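structure-v8.cif, holding mmCIF, C-alpha atoms:
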data_work
loop_
_atom_site.group_PDB
_atom_site.id
_atom_site.type_symbol
_atom_site.label_atom_id
_atom_site.label_comp_id
_atom_site.auth_asym_id
_atom_site.auth_seq_id
_atom_site.Cartn_x
_atom_site.Cartn_y
_atom_site.Cartn_z
ATOM 1 C CA MET A 1 11.120 38.038 41.019
ATOM 2 C CA THR A 2 8.712 39.228 38.347
ATOM 3 C CA GLU A 3 8.732 37.976 34.788
ATOM 4 C CA ASP A 4 10.189 41.308 33.631
ATOM 5 C CA ASP A 5 12.951 41.024 36.230
ATOM 6 C CA GLN A 6 13.754 37.481 35.128
ATOM 7 C CA ASP A 7 13.741 38.599 31.494
ATOM 8 C CA LEU A 8 16.184 41.431 32.249
ATOM 9 C CA ARG A 9 18.462 39.101 34.189
ATOM 10 C CA THR A 10 18.405 36.583 31.322
ATOM 11 C CA ARG A 11 19.079 39.316 28.730
ATOM 12 C CA LEU A 12 22.054 40.649 30.697
ATOM 13 C CA VAL A 13 23.629 37.208 31.030
ATOM 14 C CA ALA A 14 22.937 36.443 27.353
ATOM 15 C CA ALA A 15 24.541 39.750 26.319
ATOM 16 C CA GLY A 16 27.585 38.910 28.432
ATOM 17 C CA VAL A 17 27.816 35.396 26.983
ATOM 18 C CA GLU A 18 27.700 36.776 23.450
ATOM 19 C CA LEU A 19 30.223 39.487 24.274
ATOM 20 C CA VAL A 20 32.766 37.145 25.867
ATOM 21 C CA SER A 21 32.319 34.703 22.979
ATOM 22 C CA ARG A 22 32.960 37.338 20.316
ATOM 23 C CA GLU A 23 35.453 39.659 21.984
ATOM 24 C CA GLY A 24 36.895 37.943 25.050
ATOM 25 C CA VAL A 25 37.071 38.666 28.756
ATOM 26 C CA HIS A 26 38.524 42.151 28.332
ATOM 27 C CA ALA A 27 35.264 43.309 26.683
ATOM 28 C CA LEU A 28 33.035 42.432 29.651
ATOM 29 C CA GLY A 29 32.532 45.935 30.992
ATOM 30 C CA LEU A 30 29.290 46.551 32.861
ATOM 31 C CA ARG A 31 28.282 49.432 30.579
ATOM 32 C CA GLU A 32 28.926 47.410 27.418
ATOM 33 C CA ILE A 33 26.919 44.455 28.687
ATOM 34 C CA ALA A 34 24.042 46.805 29.569
ATOM 35 C CA ARG A 35 24.253 48.496 26.162
ATOM 36 C CA ARG A 36 24.133 45.153 24.359
ATOM 37 C CA ALA A 37 21.170 44.104 26.484
ATOM 38 C CA GLY A 38 19.411 47.340 25.505
ATOM 39 C CA VAL A 39 19.177 48.809 29.005
ATOM 40 C CA SER A 40 20.680 51.738 30.892
ATOM 41 C CA HIS A 41 24.077 51.234 32.483
ATOM 42 C CA GLY A 42 22.472 51.323 35.937
ATOM 43 C CA ALA A 43 19.882 48.603 35.204
ATOM 44 C CA PRO A 44 22.183 45.610 35.866
ATOM 45 C CA ARG A 45 22.565 46.705 39.509
ATOM 46 C CA ARG A 46 18.961 45.616 40.178
ATOM 47 C CA HIS A 47 19.987 41.977 39.707
ATOM 48 C CA PHE A 48 23.734 42.070 40.068
ATOM 49 C CA PRO A 49 24.825 44.454 42.843
ATOM 50 C CA THR A 50 28.445 44.062 41.728
ATOM 51 C CA HIS A 51 30.134 43.599 38.384
ATOM 52 C CA ARG A 52 31.679 40.371 39.724
ATOM 53 C CA GLU A 53 28.238 38.909 40.357
ATOM 54 C CA LEU A 54 27.278 39.496 36.731
ATOM 55 C CA LEU A 55 30.565 37.973 35.561
ATOM 56 C CA ALA A 56 29.922 34.967 37.809
ATOM 57 C CA ALA A 57 26.459 34.495 36.266
ATOM 58 C CA ILE A 58 28.053 34.550 32.809
ATOM 59 C CA ALA A 59 30.720 32.069 33.940
ATOM 60 C CA ARG A 60 28.033 29.812 35.459
ATOM 61 C CA HIS A 61 26.440 29.670 31.999
ATOM 62 C CA GLY A 62 29.801 28.532 30.615
ATOM 63 C CA PHE A 63 30.171 25.868 33.299
ATOM 64 C CA GLY A 64 26.710 24.611 32.413
ATOM 65 C CA ARG A 65 27.749 24.224 28.778
ATOM 66 C CA LEU A 66 31.021 22.536 29.782
ATOM 67 C CA THR A 67 29.124 20.164 32.070
ATOM 68 C CA ASP A 68 26.805 19.255 29.193
ATOM 69 C CA ALA A 69 29.755 18.665 26.846
ATOM 70 C CA LEU A 70 31.554 16.453 29.351
ATOM 71 C CA ALA A 71 28.396 14.555 30.309
ATOM 72 C CA GLY A 72 27.674 13.899 26.641
ATOM 73 C CA ALA A 73 31.193 12.642 25.972
ATOM 74 C CA ASP A 74 31.162 10.442 29.079
ATOM 75 C CA ALA A 75 27.706 9.041 28.345
ATOM 76 C CA LEU A 76 28.740 8.167 24.809
ATOM 77 C CA ALA A 77 31.900 6.435 26.028
ATOM 78 C CA ALA A 78 29.989 4.628 28.798
ATOM 79 C CA THR A 79 27.344 3.302 26.391
ATOM 80 C CA THR A 80 30.074 1.556 24.417
ATOM 81 C CA GLY A 81 31.236 -0.215 27.572
ATOM 82 C CA ALA A 82 34.419 1.835 27.710
ATOM 83 C CA ASP A 83 36.745 1.353 30.653
ATOM 84 C CA ALA A 84 37.707 4.212 32.981
ATOM 85 C CA ARG A 85 40.854 5.115 31.009
ATOM 86 C CA THR A 86 38.885 5.414 27.766
ATOM 87 C CA ARG A 87 36.225 7.495 29.509
ATOM 88 C CA ILE A 88 38.931 9.849 30.842
ATOM 89 C CA ASP A 89 40.275 10.154 27.306
ATOM 90 C CA ALA A 90 36.781 11.125 26.102
ATOM 91 C CA LEU A 91 36.406 13.676 28.914
ATOM 92 C CA ALA A 92 39.842 15.138 28.182
ATOM 93 C CA ARG A 93 39.003 15.551 24.506
ATOM 94 C CA ALA A 94 35.663 17.172 25.348
ATOM 95 C CA TYR A 95 37.400 19.545 27.784
ATOM 96 C CA LEU A 96 40.025 20.538 25.220
ATOM 97 C CA GLY A 97 37.356 20.827 22.524
ATOM 98 C CA PHE A 98 35.264 23.138 24.694
ATOM 99 C CA ALA A 99 38.315 25.290 25.423
ATOM 100 C CA ALA A 100 39.173 25.563 21.726
ATOM 101 C CA ALA A 101 35.607 26.387 20.689
ATOM 102 C CA ASN A 102 35.007 28.876 23.535
ATOM 103 C CA PRO A 103 38.304 30.586 24.379
ATOM 104 C CA GLY A 104 36.788 33.730 25.882
ATOM 105 C CA MET A 105 34.298 31.850 28.033
ATOM 106 C CA PHE A 106 36.933 29.292 29.029
ATOM 107 C CA GLU A 107 39.221 32.065 30.226
ATOM 108 C CA LEU A 108 36.453 33.761 32.220
ATOM 109 C CA MET A 109 35.400 30.517 33.884
ATOM 110 C CA PHE A 110 38.833 30.047 35.420
ATOM 111 C CA ARG A 111 39.707 33.676 36.150
ATOM 112 C CA HIS A 112 39.170 33.505 39.888
ATOM 113 C CA ASP A 113 40.770 36.943 40.193
ATOM 114 C CA LEU A 114 37.707 38.315 38.356
ATOM 115 C CA LEU A 115 35.137 36.082 40.025
ATOM 116 C CA GLU A 116 36.408 36.036 43.600
ATOM 117 C CA ASP A 117 33.990 37.435 46.175
ATOM 118 C CA SER A 118 31.164 37.369 43.628
ATOM 119 C CA GLY A 119 28.806 35.966 46.222
ATOM 120 C CA THR A 120 28.203 32.984 43.943
ATOM 121 C CA GLU A 121 29.319 29.484 44.698
ATOM 122 C CA LEU A 122 30.882 28.485 41.384
ATOM 123 C CA ARG A 123 32.595 25.658 43.241
ATOM 124 C CA ARG A 124 29.235 23.900 43.435
ATOM 125 C CA THR A 125 29.280 23.869 39.636
ATOM 126 C CA THR A 126 32.858 22.662 39.227
ATOM 127 C CA LEU A 127 33.166 20.127 42.041
ATOM 128 C CA PRO A 128 30.864 17.496 40.472
ATOM 129 C CA LEU A 129 32.992 17.608 37.308
ATOM 130 C CA PHE A 130 36.129 17.113 39.371
ATOM 131 C CA ARG A 131 34.566 14.287 41.423
ATOM 132 C CA THR A 132 33.558 12.410 38.268
ATOM 133 C CA LEU A 133 37.111 12.620 36.984
ATOM 134 C CA ALA A 134 38.501 11.590 40.397
ATOM 135 C CA GLU A 135 36.253 8.512 40.468
ATOM 136 C CA LEU A 136 37.562 7.455 37.061
ATOM 137 C CA VAL A 137 41.173 8.104 38.090
ATOM 138 C CA ALA A 138 40.544 5.927 41.168
ATOM 139 C CA GLU A 139 39.321 3.139 38.877
ATOM 140 C CA VAL A 140 42.485 3.380 36.800
ATOM 141 C CA HIS A 141 44.690 3.559 39.914
ATOM 142 C CA PRO A 142 42.874 1.549 42.616
ATOM 143 C CA GLN A 143 46.000 1.596 44.776
ATOM 144 C CA LEU A 144 45.591 5.334 45.452
ATOM 145 C CA THR A 145 44.119 6.069 48.879
ATOM 146 C CA ASP A 146 43.134 9.580 47.771
ATOM 147 C CA PRO A 147 43.019 10.213 44.025
ATOM 148 C CA THR A 148 42.522 13.973 44.533
ATOM 149 C CA ALA A 149 46.149 14.972 43.937
ATOM 150 C CA ALA A 150 46.503 12.727 40.889
ATOM 151 C CA THR A 151 43.243 14.089 39.465
ATOM 152 C CA ALA A 152 44.264 17.689 40.128
ATOM 153 C CA ALA A 153 47.611 17.096 38.400
ATOM 154 C CA LEU A 154 45.884 15.577 35.361
ATOM 155 C CA TRP A 155 43.372 18.430 35.216
ATOM 156 C CA ALA A 156 46.173 21.015 35.534
ATOM 157 C CA ASN A 157 47.981 19.331 32.661
ATOM 158 C CA LEU A 158 44.871 19.370 30.453
ATOM 159 C CA HIS A 159 44.126 22.966 31.390
ATOM 160 C CA GLY A 160 47.704 23.926 30.586
ATOM 161 C CA LEU A 161 47.449 22.318 27.152
ATOM 162 C CA ALA A 162 44.237 24.237 26.503
ATOM 163 C CA GLN A 163 45.785 27.548 27.566
ATOM 164 C CA LEU A 164 49.019 27.050 25.655
ATOM 165 C CA ARG A 165 47.053 26.283 22.511
ATOM 166 C CA THR A 166 44.842 29.360 23.015
ATOM 167 C CA TRP A 167 47.860 31.614 23.545
ATOM 168 C CA GLY A 168 49.685 30.184 20.522
ATOM 169 C CA SER A 169 52.538 28.919 22.692
ATOM 170 C CA LEU A 170 52.352 25.282 21.567
ATOM 171 C CA ARG A 171 53.786 26.224 18.194
ATOM 172 C CA LEU A 172 56.828 27.722 19.912
ATOM 173 C CA ALA A 173 57.456 24.626 22.023
ATOM 174 C CA THR A 174 56.570 21.868 19.569
ATOM 175 C CA GLY A 175 56.771 23.490 16.152
ATOM 176 C CA GLY A 176 53.096 22.784 15.470
ATOM 177 C CA GLU A 177 49.633 22.886 16.939
ATOM 178 C CA ASP A 178 48.765 19.200 16.899
ATOM 179 C CA LEU A 179 47.517 18.440 20.384
ATOM 180 C CA GLU A 180 47.130 14.694 19.840
ATOM 181 C CA PRO A 181 50.678 13.583 20.768
ATOM 182 C CA LEU A 182 50.654 15.919 23.773
ATOM 183 C CA LEU A 183 47.299 14.615 24.948
ATOM 184 C CA ARG A 184 48.493 11.012 24.617
ATOM 185 C CA ALA A 185 51.692 11.864 26.524
ATOM 186 C CA ALA A 186 49.730 13.617 29.276
ATOM 187 C CA LEU A 187 47.287 10.755 29.710
ATOM 188 C CA ASP A 188 50.090 8.191 29.677
ATOM 189 C CA ALA A 189 52.052 10.206 32.240
ATOM 190 C CA HIS A 190 49.112 10.435 34.630
ATOM 191 C CA LEU A 191 47.311 7.149 33.966
ATOM 192 C CA GLY A 192 49.965 4.858 32.532
ATOM 193 C CA PRO A 193 50.139 3.724 28.937
ATOM 194 C CA VAL A 194 47.100 2.190 27.294
ATOM 195 C CA PRO A 195 47.241 -1.578 27.807
ATOM 196 C CA ARG A 196 48.127 -3.368 24.589
#

Please express what this file holds, its structure, as structure tokens.
Amino acid sequence: MTEDDQDLRTRLVAAGVELVSREGVHALGLREIARRAGVSHGAPRRHFPTHRELLAAIARHGFGRLTDALAGADALAATTGADARTRIDALARAYLGFAAANPGMFELMFRHDLLEDSGTELRRTTLPLFRTLAELVAEVHPQLTDPTAATAALWANLHGLAQLRTWGSLRLATGGEDLEPLLRAALDAHLGPVPR
């Protein structure tokens, strides 16, 4: 790939990242991404034979940012000697914080209906995040022979909180938008209460 090709690829992904950040998933049309990147509507096909492949490249950028946010939160918690439960709390807060700060990107990253058959292995990006969480869940619950189900349930709960907040549904259910009591309840439900 030439430098010009790499530059075009980078510009297209950057245009998509900006577009999804400002206007949401619905705005990620191939023509609009090309227009924002300053190229003809046919130019993206040189690097992304399908629209889904371009969307997957944009989503991969989001997963990279989420990975950095979670790694930073976990590293900070680990440097203070935090136990596994406290580290999970830090990861959960970073996950919810990322979702709140990046609602369009967050939606795209988990819209497998849009990304399916993109030819890109996004699972390779997400599985290390899940494994880290599963290892911590196993530390909290050493009696589990396979912490996968417990980790998936916790993740689904956190993801649901993020989505409900984004959609404005928390206010309907709880009368407010304070996530703190819901996060504490979710973590207690999945990990047990914090030892006193």

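Residues within 9 Å of range 51-56 of chain A, counting only C-alpha atoms and excluding same-chain residues fewer than 3 positions away, are A:Leu12, A:Val13, A:Gly16, A:Leu28, A:Gly29, A:Leu30, A:Pro44, A:Arg45, A:His47, A:Phe48, A:Ala59, A:Arg60, A:His61, A:Leu108, A:Met109, A:Leu114, A:Leu115, A:Glu116, A:Asp117, A:Ser118, A:Gly119, A:Thr120, A:Glu121, A:Leu122.
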
- Message: Going by the chain IDs and residue numbers used in this file, which residues fall under the PyMOL selection byres ((chain A and resi 141) around 10)? Write them as a PyMOL selection string.
- Response: chain A and resi 84-85+135-140+142-145+147+150+190-192

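Put simply, the PyMOL selection byres ((chain A and resi 180-186) around 9) on this file hits Asp89, Ala92, Arg93, Leu154, Asn157, Leu158, Leu161, Asp178, Leu179, Leu187, Asp188, Ala189, His190, Leu191 and Pro193 of chain A.
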
- Task: Provide the CA of His112 in chain A to CA of Ala34 in chain A distance in Å, to one decimal place.
- Result: 22.6 Å

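Distance-wise, CA of Asn102 in chain A and CA of Ala43 in chain A end up 27.5 Å apart.
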
- Message: Expand the PyMOL selection byres ((chain A and resi 70-72) around 12) into the explicit residue set it covers here, and present it as a ChimeraX atom specification.
- Response: /A:63-69,73-79,87-99,126,128-130,132-133

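Here CA of Asp146 in chain A stands at a distance of 25.4 Å from CA of Gly81 in chain A.
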
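With distances taken over all atoms listed in the file, A:Ile33 is the one residue among A:Ala82, A:Met105, A:Ala100, A:Ile33 lying closest to Ala14 in chain A.
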
- Task: Name all residues at most 10 Å from His26 in chain A (count only C-alpha atoms; drop same-chain ones fewer than 5 positions away) and give them as a list in words.
- Result: Leu19, Val20, Gly104 and Leu108 of chain A

Can you fill out range 146-163 of chain A with N, CA, C and O atoms and hand it back as a PDB file, in the frame of the given file?
ATOM      1  N   ASP A 146      43.867   8.344  48.052  1.00  0.00           N
ATOM      2  CA  ASP A 146      43.134   9.580  47.771  1.00  0.00           C
ATOM      3  C   ASP A 146      43.532  10.048  46.377  1.00  0.00           C
ATOM      4  O   ASP A 146      44.633  10.579  46.188  1.00  0.00           O
ATOM      5  N   PRO A 147      42.661   9.855  45.401  1.00  0.00           N
ATOM      6  CA  PRO A 147      43.019  10.213  44.025  1.00  0.00           C
ATOM      7  C   PRO A 147      42.957  11.717  43.739  1.00  0.00           C
ATOM      8  O   PRO A 147      43.177  12.137  42.611  1.00  0.00           O
ATOM      9  N   THR A 148      42.699  12.534  44.755  1.00  0.00           N
ATOM     10  CA  THR A 148      42.522  13.973  44.533  1.00  0.00           C
ATOM     11  C   THR A 148      43.749  14.616  43.910  1.00  0.00           C
ATOM     12  O   THR A 148      43.644  15.364  42.936  1.00  0.00           O
ATOM     13  N   ALA A 149      44.923  14.346  44.458  1.00  0.00           N
ATOM     14  CA  ALA A 149      46.149  14.972  43.937  1.00  0.00           C
ATOM     15  C   ALA A 149      46.427  14.521  42.508  1.00  0.00           C
ATOM     16  O   ALA A 149      46.771  15.341  41.647  1.00  0.00           O
ATOM     17  N   ALA A 150      46.264  13.236  42.245  1.00  0.00           N
ATOM     18  CA  ALA A 150      46.503  12.727  40.889  1.00  0.00           C
ATOM     19  C   ALA A 150      45.513  13.335  39.905  1.00  0.00           C
ATOM     20  O   ALA A 150      45.877  13.689  38.772  1.00  0.00           O
ATOM     21  N   THR A 151      44.263  13.492  40.324  1.00  0.00           N
ATOM     22  CA  THR A 151      43.243  14.089  39.465  1.00  0.00           C
ATOM     23  C   THR A 151      43.538  15.561  39.219  1.00  0.00           C
ATOM     24  O   THR A 151      43.422  16.048  38.090  1.00  0.00           O
ATOM     25  N   ALA A 152      43.935  16.270  40.276  1.00  0.00           N
ATOM     26  CA  ALA A 152      44.264  17.689  40.128  1.00  0.00           C
ATOM     27  C   ALA A 152      45.451  17.877  39.189  1.00  0.00           C
ATOM     28  O   ALA A 152      45.468  18.807  38.376  1.00  0.00           O
ATOM     29  N   ALA A 153      46.444  16.996  39.282  1.00  0.00           N
ATOM     30  CA  ALA A 153      47.611  17.096  38.400  1.00  0.00           C
ATOM     31  C   ALA A 153      47.204  16.852  36.945  1.00  0.00           C
ATOM     32  O   ALA A 153      47.648  17.566  36.030  1.00  0.00           O
ATOM     33  N   LEU A 154      46.367  15.857  36.714  1.00  0.00           N
ATOM     34  CA  LEU A 154      45.884  15.577  35.361  1.00  0.00           C
ATOM     35  C   LEU A 154      45.093  16.762  34.826  1.00  0.00           C
ATOM     36  O   LEU A 154      45.306  17.213  33.696  1.00  0.00           O
ATOM     37  N   TRP A 155      44.183  17.286  35.639  1.00  0.00           N
ATOM     38  CA  TRP A 155      43.372  18.430  35.216  1.00  0.00           C
ATOM     39  C   TRP A 155      44.256  19.633  34.915  1.00  0.00           C
ATOM     40  O   TRP A 155      44.060  20.319  33.907  1.00  0.00           O
ATOM     41  N   ALA A 156      45.263  19.890  35.768  1.00  0.00           N
ATOM     42  CA  ALA A 156      46.173  21.015  35.534  1.00  0.00           C
ATOM     43  C   ALA A 156      46.905  20.835  34.210  1.00  0.00           C
ATOM     44  O   ALA A 156      47.113  21.798  33.457  1.00  0.00           O
ATOM     45  N   ASN A 157      47.300  19.611  33.917  1.00  0.00           N
ATOM     46  CA  ASN A 157      47.981  19.331  32.661  1.00  0.00           C
ATOM     47  C   ASN A 157      47.067  19.603  31.464  1.00  0.00           C
ATOM     48  O   ASN A 157      47.466  20.267  30.488  1.00  0.00           O
ATOM     49  N   LEU A 158      45.829  19.133  31.542  1.00  0.00           N
ATOM     50  CA  LEU A 158      44.871  19.370  30.453  1.00  0.00           C
ATOM     51  C   LEU A 158      44.580  20.860  30.300  1.00  0.00           C
ATOM     52  O   LEU A 158      44.529  21.381  29.181  1.00  0.00           O
ATOM     53  N   HIS A 159      44.403  21.534  31.430  1.00  0.00           N
ATOM     54  CA  HIS A 159      44.126  22.966  31.390  1.00  0.00           C
ATOM     55  C   HIS A 159      45.310  23.722  30.780  1.00  0.00           C
ATOM     56  O   HIS A 159      45.128  24.648  29.986  1.00  0.00           O
ATOM     57  N   GLY A 160      46.504  23.304  31.153  1.00  0.00           N
ATOM     58  CA  GLY A 160      47.704  23.926  30.586  1.00  0.00           C
ATOM     59  C   GLY A 160      47.786  23.743  29.081  1.00  0.00           C
ATOM     60  O   GLY A 160      48.130  24.684  28.345  1.00  0.00           O
ATOM     61  N   LEU A 161      47.464  22.550  28.600  1.00  0.00           N
ATOM     62  CA  LEU A 161      47.449  22.318  27.152  1.00  0.00           C
ATOM     63  C   LEU A 161      46.449  23.238  26.469  1.00  0.00           C
ATOM     64  O   LEU A 161      46.737  23.822  25.417  1.00  0.00           O
ATOM     65  N   ALA A 162      45.269  23.367  27.080  1.00  0.00           N
ATOM     66  CA  ALA A 162      44.237  24.237  26.503  1.00  0.00           C
ATOM     67  C   ALA A 162      44.723  25.680  26.440  1.00  0.00           C
ATOM     68  O   ALA A 162      44.570  26.357  25.414  1.00  0.00           O
ATOM     69  N   GLN A 163      45.309  26.162  27.522  1.00  0.00           N
ATOM     70  CA  GLN A 163      45.785  27.548  27.566  1.00  0.00           C
ATOM     71  C   GLN A 163      46.929  27.783  26.593  1.00  0.00           C
ATOM     72  O   GLN A 163      46.958  28.793  25.884  1.00  0.00           O
TER      73      GLN A 163
END
